[in-house]
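Undergrad: The structure that follows is given in the form of C-alpha cells.
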Amino acid sequence: MPDTDPKESGQRYSLQTVSLLFPYFKKYGVRLTAGFAALLGVDFFQLWVPRFIKLAVDELEKGVATQAGLLRIAGFILLLALGIAVCRFVWRYFVIGFSRMLERDLRDRLLSHLLTLDRVFFQRHTTGELMALTTNDLSAVQLACGMGLIASVDAVVMTVAALGFMIYIDPLLTLIAVAPMPVLAVITRFLSARLHKRFRKVQEQFEKLTEFARSTLTTIRLVKAYTQESPQTMRFGRMGEEYIQQNLKLATVQGILFPISGLVANSSLLLVLFFGGSLTIKGIITAGDFVAFISYLFMLTWPMMAIGWVTNLFQRGATSLGRIQRILDEKPILFDNADGGTLQPVTGNISLKHLSFSYPGQSEPVLDDISLDIRPGLLGVIGKTGCGKSTLCNIIARLYPVDDGKLYWDGRDVNSLTLSNVRGSIAYVPQEVTLFSETLHFNITLGKADASKEQVEKVARAAAIHEDIEALPEGYETRIGEKGVKLSGGQRQRIALARALLLDRPVIIIDDGLSAVDMETEHEIISSMAGYLKGRTCINVSHRVAPLVDADEILVMDKGRITAKGKHSFLLKSSSYYATIYKYQTEAQGRKP
Amino acid sequence: MQYGYGYFEEEHLGQVADIRIWRRLIAYSRDYWKQIGSAIILSMVVIGASLALPYMVRIGIDSFIVNTTIDIAARIEGLARLAGIYIAVIICGFAANFFQVIILEWTGQTIMHRMRQQLFSHMIGLDLDFFNNNPSGKLVTRLTNDIQNMHEMFSSVIVTLFNDFFQIVGIMSILFWMNWRLALILSILLPLITFNTVWFSRLARDAFRSIRTHLARINAYLQESLSGISVIQIFLREADTYNKFVELSNAYLKRNLYQVKIFGIFMPAMELFSALATGCIIWYGGGEIIKNNMSLGELVAFISYMRLFFQPIRELAQKYSIVQSAMASAERIFQLLDTKGTMMSLKRRVEQKDIKGSVEFRHVEFAYVPDQPVLINLSFNLKPGQTVAIVGATGSGKTTIVNLLERFYDPDGGEILIDGQDIRSQDTQWLRQQIGLVMQDVFIIPGSIRDNILLDQDMVLSGLNTIIDKAQLSNLLQKLPDGLETRIGEGGMDLSAGQKQLLSFARVLARDPKVLVLDEATSSVDSETEMLIDRAIESTLANRTSIVIAHRLSTIRRADFILVMDHGRIVERGSHDDLMERNGIYRRLQDLQVS
C-alpha cells in the first residue's frame with residue numbers, strides 16, 4: 001500500500017504544507033518581485049567588480065596604465081558599489097520585511113483559529129506546546145522565508161554567474177578550483193544536522209537546570225526546614241557539570257563547522273595559486289585574469305557555505321510549517337449552529353436525556369447514560385475526584401460537543417441553538433481561576449465591560465471580596481499578575497465568582513469554584529447569594545457537604561453515573577456514600593445536625 | 001546560531017565601562033589564566049595564519065608568476081614550494097582555531113558553573129524574608145539566563161575581542177609595512193568606518209531591546225489567552241482578545257521592520273566603504289606601481305587585506321550589544337551576591353544534645369511589615385509528646401507561628417523556647433534538624449522515591465520499610481514496577497497531590513524529629529486518599545511534640561488542646577468538647593462545616 005510508506009506520505013504532506021504559504025506569496029507579490037529584482041541587481045553589479053580589477057592589473061602588468069585610466073576604473077568600481085548598496089537595501093527591506101509580515105499574518109491567523117477550538121482540542125494540546133508553535137515554529141518559518149529564500153536565490157545566481165566568468169577565463173582551472181567546494185557543502189550539511197541535535201541536548205539540560213532551580217526556590221521553606229541547602233547545591237552542581245559536558249560536545253561540532261569553510265576556501269585558493277600561477281607563468285592567462293579569478297573564487301565560498309545552512313533552514317521551516325498546518329487543520333468538534341435559533345428569554349430548564357460522554361481516544365465513559373431535569377433553583381453535585389462532575393458542568397456549558405437529542409435547553413435541542421445564545425445565558429465559575437494581568441476592575445467586568453462602579457461593588461460584596469479589594473492601595477484599579485499584586489487562591493475564586501455574578505445570567509455554574517475559600521467565608525457567600533439565586537438555575541459542584549445542605553436537589557455521582565439524588569435529609573438516609581462523607585466531614589460524635 | 005534563552009529584563013542597563021564589575025569578573029577568571037593565556041596564544045596563531053595567506057599570494061605573484069628574470073621551470077618549482085608552505089599554514093590555522101574554541105568553551109563553562117553554584121548556594125542560604133520580596137521567577141532568571149548571558153560574553157566576546165583586535169592591528173601593520181603612503185590614505189576611511197559602526201551598534205541595540213520587549217509582551221499575552229481560553233470562550237471575548245492581539249502583533253512587526261531598515265543601511269554602507277578602499281588602492285596603488293614604488297603582488301595583497309579588514313569590524317559592532325547585556329546581567333548577579341541575610345544569630349551557642357521536645361511561645365509579637373502586627377502577645381506551652389491544633393480563618397497568623405518556630409523569622413518581641421532554651425541561641429541548622437515540617441507542598445529531587453524519602457541520609461532497608469508502612473505508601477509502591485527505585489520528578493513519574501502528601505510524611509518519619517510541625521493541606525483529594533493521609537498523620541504524630549495547623553476535624557480531635565486564632569491573637573483555647581460548649585468562634589467554625 002502506498003499510503004503506508006511514511007516517506008512518501010511525508011513528502012506529499014510537505015507539498016501540501018507549502019501551499020499554505022501561496023496566498024501570502026500572492027498577497028505580497030509586488031514586494032517579493034521588487035526584492036528579488038534588487039537581489040539580481042546586487043549579484044549583477046558584484047560580478048563586474050573583479051572584471052574592473054582585472055583590467056587595472058593587466059594594464060599595470062603590461063605597463064600601459066595611466067593615472068587617469070586607473071582613476072576611471074576606481075570610479076567605476078565605486079559606482080558599482082553604490083548600485084550594490086542601493087539594491088541590497090531594497091532586497092533586505094522587501095524580502096526580510098515580507099518574512100516578518102508573513103510571520104505576523106500566520107501568528108494572527110493561529111490565534112484567531114485557536115479561539116474557535118473547543119475543550120477537546122485544548123485537552124490534547126498544552127499551553128506550552130501551543131506557545132512553542134507560535135514562537136519557535138513561527139520563527140523557523142520566518143527564517144526559512146526570509147534569510148532562507150534570499151540565501152538560496154542569491155547562492156544559485158552567484159554560483160552560476162561566478163562559475164560562468166571563471167569558465168570564461170579558463171575552464172580547466174575552474175574545474176580544479178571548485179573541486180573542494182562540494183566537499184564543503186556535504187560537510188556543512190552533515191555537521192549542521194549534528195549541531196542542531198547537540199544544540200537541542202544543551203537546551204534540554206538547560207531546561208532541567210531551570211526546572212530544578214525553580215522547584216527549589218518555590219519550596220524554599222521546606223528545603224530550609226530539612227536543612228537541604230548544601231545537598232541541594234550539590235545536586236544542582238551535578239546537573240551543572242552535565243551541562244558543561246553537553247556544551248563541550250556542542251563546541252567540538254562548532255569548532256569544526258565554523259572554520260571549515262575557511263579551510264576549504266583556502267584549499268581552493270591554494271589550487272588556484274599553484275595551477276593558476278603556472279598558467280600565468282606559461283602565458284596562457286594574464287596576471288589580471290589570475291587576480292580576477294581569485295576574486296570570483298571568494299564569491300563562490302559563501303554560496304557553498306550557504307547550501308548546507310539553507311537546506312537545514314528549509315527543512316526546519318517545512319517541519320514547523322507542517323506543525324502549524326496541522327493546528328490550522330483542526331476543526332472544532334463542537335458544532336456551532338450559527339444559523340440556529342435563539343431562545344429569548346432563557347428560563348433555565350435544562351434536560352439531559354441518556355447522555356454519555358467519553359474523551360476522544362478513551363473508551364471509558366466519563367459520563368454514562370445520564371438523564372436529568374434541571375429546574376431553576378440550587379442543584380448540588382457531589383462525588384469523588386474523577387466521577388464526572390466537572391465534565392457534566394462543561395457539557396451543560398457547551399464546552400464539549402453533544403449528539404443530537406441528548407441535551408435540551410427549555411425543550412430545544414442545544415444543537416439547534418447558536419453557541420453564543422447558550423453560552424451567553426451562563427455564568428461560569430471554574431475551579432482553576434483564570435485572571436488576566438490587568439486591573440481587578442477589568443477582571444471582574446470581563447463579560448460586561450460597561451458595568452457601573454456600583455454594580456461592580458455590589459457583586460464584589462456578594463462574593464465577599466469587596467473588603468479585600470478596598471484594602472489594596474489602588475483598590476479596584478490594582479493590577480494583578482506577574483508585575484502586580486499576588487492574590488490567594490481563595491481571593492482569586494471570589495473574584496471569579498464576582499465576575500460571574502455581574503453577568504446577571506439565568507444559569508450559574510460553580511464548578512468547585514469555592515474550594516480554596518475558607519469555610520466561614522464560603523458560608524457567608526452562600527447565604528448572601530440566596531436572594532440573587534431566586535428564579536435562576538444554579539449548579540454548585542462541591543467537595544464539601546455544608547454548602548449543599550439547603551439545595552433543592554443534590555446529585556451524588558460516581559464513575560460517571562448519578563447514584564443518588566434528592567434533598568439532603570433524603571440522601572442521608574438513602575445514600576451510604578453521602579452519609580459517610582457527611583459523617584467524615586463533620587464527625588459530630590454525640591451531636592445531631 | 002541564535003541562543004533563544006528567554007527574555008531579559010530591561011529595567012537597568014549595564015555600563016560597559018563599569019570598572020568594579022570588570023574587576024570582579026576578572027577575579028573569577030584568575031584561576032584559569034593558563035587556559036586563557038593559551039587561548040590568546042592560539043588566537044595569535046589563527047590570525048597569523050589567516051594574515052599570512054594573502055601575503056603568500058603576494059610572494060607568489062611577485063617572485064614567481066610575474067617575475068620574468070628567472071626561467072619558467074624555476075618559477076613553477078618555486079610556486080610548488082610556496083604551495084607546500086601554504087598547506088602547512090592552513091592546517092595550523094585550522095587546528096589552532098579548533099583548540100581555541102574548545103579551551104574557551106571549557107573555561108567559560110567552568111567559570112559560569114562556579115558562579116552559578118556560588119549564586120545558588122548563596123541564594124538558598126538567604127532569609128525567608130528575601131524570598132517573600134523576590135518572586136521566584138526573577139531568581140530563576142538570575143541563575144539561568146543571566147549566567148548564560150555572561151557565558152555568551154566569555155566565549156564569544158573574548159574570542160572576538162582578541163581575534164578581531166589582533167586581526168585589525170595585524171592588517172594595519174602589514175599594510176603600513178608594504179606601502180605606508182597607500183596605508184595612510186586608506187586610514188582616512190577609518191573615522192568614517194568607526195562612526196558608522198558606533199552609530200549602528202547604538203541603533204541596533206535599541207532596536208533589539210525594543211523587539212525583545214515587544215516579543216515578551218506578545219508571548220505573555222498569548223500565554224494568558226491560551227491558558228484562559230475557556231474563560232474567553234464562555235464570556236464570549238474572542239473578538240476582543242483577537243483585536244488586542246493584532247495590535248500587539250502589529251507593534252512587534254513595526255519594530256522588526258525598523259531593525260531590518262537599520263541593518264539594511266549598515267551592511268551596504270560597510271560595503272560601500274570597502275569598495276571605496278578598493279578604488280583608492282587601484283587609483284593610488286596603481287599610480288605607485290607606475291612610479292615603481294610598489295609591486296603588482298603588493299597591490300593584490302592590499303585588496304585581499306582590505307577584504308579581511310572589514311569582517312572583524314562588522315563583528316565588533318554586533319558584539320557590542322552582547323557585552324552590554326552581559327554587563328547588566330553581571331551587575332544583577334553581583335547585587336544578589338552582595339545581599340546579606342538580616343537575621344542575627346547569637347554567637348553564644350548552647351551545647352547541642354538530644355532534646356526532649358518541649359516547646360514554649362512566650363509573649364511573642366511579630367509583624368512582617370512594621371505597624372501591621374500578625375502575632376500579638378502569643379503564649380502557649382507544649383510538654384514533650386503533646387499535640388496542639390491551631391485553627392482560625394485565613395490570615396489569622398497560623399502559618400506565622402510555623403515560620404517563627406522554624407526560625408525563618410525572628411520575633412519582634414518575646415521568645416520561643418525549645419527545652420527551655422531560646423531558639424535564637426542555637427545553631428539554626430541544628431534547630432531545624434530537630435523539627436520536622438510537613439506542608440501541602442513538597443520538593444521533589446530528581447531521583448528515585450527512595451532518594452526522595454531519605455534525601456541526604458542513609459538507612460537500612462528494614463527501617464525504610466517500616467517508614468513506608470507508617471506513611472501508607474506501601475500500596476502505591478506495590479503498584480509500581482520499579483517500587484522504591486521508581487524515578488519521580490523531571491522525566492520521571494508524576495505524583496498526585498495525595499501521593500506527594502504521603503511522601504512528605506515518609507520523609508519526616510525518616511528524619512524522626514522530636515518536634516513536628518504539620519500544616520495540613522486544604523486541597524481536596526478523594527476520600528480513599530483522605531483515609532490514607534489520616535492514618536499517616538496518626539502514625540507521624542505519635543510520640544512527638546506536634547503543632548498542627550488543622551483543617552480536618554479528625555486531626556483537631558486528636559490534639560491535646562486547641563488554639564483558636566483570630567487576627568493574631570489566641571481567642572479561645574481548650575479541648576474540642578470544651579470549646580463546643582463555650583459557643584464561641586470555634587463553635588461557629590465547626591457549625592459551618594456541619595450546618
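Starting from 1 in every chain, residues are counted up; chains themselves are A, B, ... following the order of the C-alpha cells, and ligands are numbered from 1 as listed.
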Taking the backbone alone, and naming residues the way the document does, which bits of region 28-134 of chain A are alpha helix (DSSP H) by DSSP, as an MDAnalysis selection string?

TA: chainID A and resid 29:62 67:91 97:114 119:124 127:132

Undergrad: Which residues come within 8 Å of Ile533 (chain B), counting only C-alpha atoms, excluding same-chain residues fewer than 5 positions away, as a PyMOL selection string?

TA: chain B and resi 471-472+498+501-502

Undergrad: Please dump the current selection as a PDB file, in the first residue's frame; keep C-alpha atoms.

TA:
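The file below, result.pdb, is the result:
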```pdb
ATOM      1  CA  ALA B 471       3.341   6.656  55.744  1.00  0.00           C
ATOM      2  CA  GLN B 472       0.796   4.451  53.922  1.00  0.00           C
ATOM      3  CA  GLY B 498      -2.294  12.946  47.670  1.00  0.00           C
ATOM      4  CA  GLN B 501       1.406  14.296  50.876  1.00  0.00           C
ATOM      5  CA  LEU B 502       2.183  10.718  51.788  1.00  0.00           C
TER       6      LEU B 502
END
```

Undergrad: Would you mind telling me which residue in B:Val548, B:Ile355, B:Leu589, B:Ile168 lies nearest to chain A when using only C-alpha atoms?

TA: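 Between B:Val548, B:Ile355, B:Leu589, B:Ile168, the residue approaching chain A most closely is B:Leu589.
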
Undergrad: Excluding Ile539 (chain A) and residues on its chain fewer than 4 positions from it, collect all residues at most 9 Å away from it, counting only C-alpha atoms, and give them as an NGL selection string.

TA: :A and (374 or 377-381 or 393 or 507-511)

Undergrad: Write out as a ChimeraX atom specification the set of residues from region 494-593 of chain A that DSSP, computed on the backbone, places in strand (DSSP E or B).

TA: /A:507-511,537-541,553-558,561-566

Undergrad: Store the residues of this selection in a file with N, CA and C atoms, as a short mmCIF file (atom, residue, chain, number, x, y, z; two decimals), in the first residue's frame.

TA:
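As a result, again-v4.cif now contains:
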```
data_model
loop_
_atom_site.label_atom_id
_atom_site.label_comp_id
_atom_site.auth_asym_id
_atom_site.auth_seq_id
_atom_site.Cartn_x
_atom_site.Cartn_y
_atom_site.Cartn_z
N VAL A 507 -28.49 31.21 34.21
CA VAL A 507 -27.88 29.97 34.71
C VAL A 507 -26.51 30.28 35.28
N ILE A 508 -26.23 29.78 36.48
CA ILE A 508 -24.89 29.98 37.03
C ILE A 508 -24.34 28.62 37.45
N ILE A 509 -23.11 28.35 36.99
CA ILE A 509 -22.49 27.07 37.29
C ILE A 509 -21.24 27.33 38.13
N ILE A 510 -21.19 26.77 39.32
CA ILE A 510 -19.99 26.91 40.16
C ILE A 510 -19.33 25.54 40.21
N ASP A 511 -18.28 25.38 39.42
CA ASP A 511 -17.64 24.08 39.29
C ASP A 511 -16.54 23.96 40.33
N THR A 537 -31.15 29.25 37.74
CA THR A 537 -30.68 27.89 37.90
C THR A 537 -29.23 27.96 38.35
N CYS A 538 -28.95 27.36 39.49
CA CYS A 538 -27.55 27.36 39.95
C CYS A 538 -27.09 25.93 40.16
N ILE A 539 -26.00 25.59 39.50
CA ILE A 539 -25.42 24.26 39.70
C ILE A 539 -24.15 24.45 40.52
N ASN A 540 -24.09 23.88 41.70
CA ASN A 540 -22.93 24.06 42.56
C ASN A 540 -22.27 22.71 42.82
N VAL A 541 -21.06 22.56 42.23
CA VAL A 541 -20.29 21.34 42.46
C VAL A 541 -19.37 21.60 43.63
N GLU A 553 -31.97 20.17 45.23
CA GLU A 553 -31.68 18.80 44.88
C GLU A 553 -30.17 18.60 44.90
N ILE A 554 -29.75 17.44 45.32
CA ILE A 554 -28.31 17.13 45.32
C ILE A 554 -28.11 15.86 44.51
N LEU A 555 -27.11 15.89 43.61
CA LEU A 555 -26.76 14.68 42.87
C LEU A 555 -25.54 14.06 43.51
N VAL A 556 -25.55 12.78 43.70
CA VAL A 556 -24.34 12.08 44.13
C VAL A 556 -23.84 11.32 42.92
N MET A 557 -22.62 11.58 42.53
CA MET A 557 -22.11 10.94 41.31
C MET A 557 -20.97 10.00 41.64
N ASP A 558 -20.88 8.93 40.84
CA ASP A 558 -19.77 8.00 40.98
C ASP A 558 -19.54 7.34 39.63
N ARG A 561 -21.87 8.10 36.72
CA ARG A 561 -23.31 7.89 36.85
C ARG A 561 -23.84 8.68 38.04
N ILE A 562 -25.16 8.92 38.00
CA ILE A 562 -25.80 9.52 39.16
C ILE A 562 -26.24 8.36 40.04
N THR A 563 -25.66 8.26 41.23
CA THR A 563 -26.00 7.10 42.06
C THR A 563 -27.14 7.43 43.01
N ALA A 564 -27.33 8.69 43.29
CA ALA A 564 -28.45 9.06 44.15
C ALA A 564 -28.79 10.50 43.91
N LYS A 565 -30.05 10.89 44.10
CA LYS A 565 -30.38 12.30 44.08
C LYS A 565 -31.55 12.59 44.99
N GLY A 566 -31.59 13.80 45.47
CA GLY A 566 -32.66 14.17 46.38
C GLY A 566 -32.19 15.26 47.31
#
```

Undergrad: For a quick check of understanding, using only C-alpha atoms, which of A:Val183, A:Met239, A:Val517, A:Ala85 has the smallest distance to Lys208 (chain A)?

TA: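 Comparing A:Val183, A:Met239, A:Val517, A:Ala85 against Lys208 (chain A), the winner is A:Met239.
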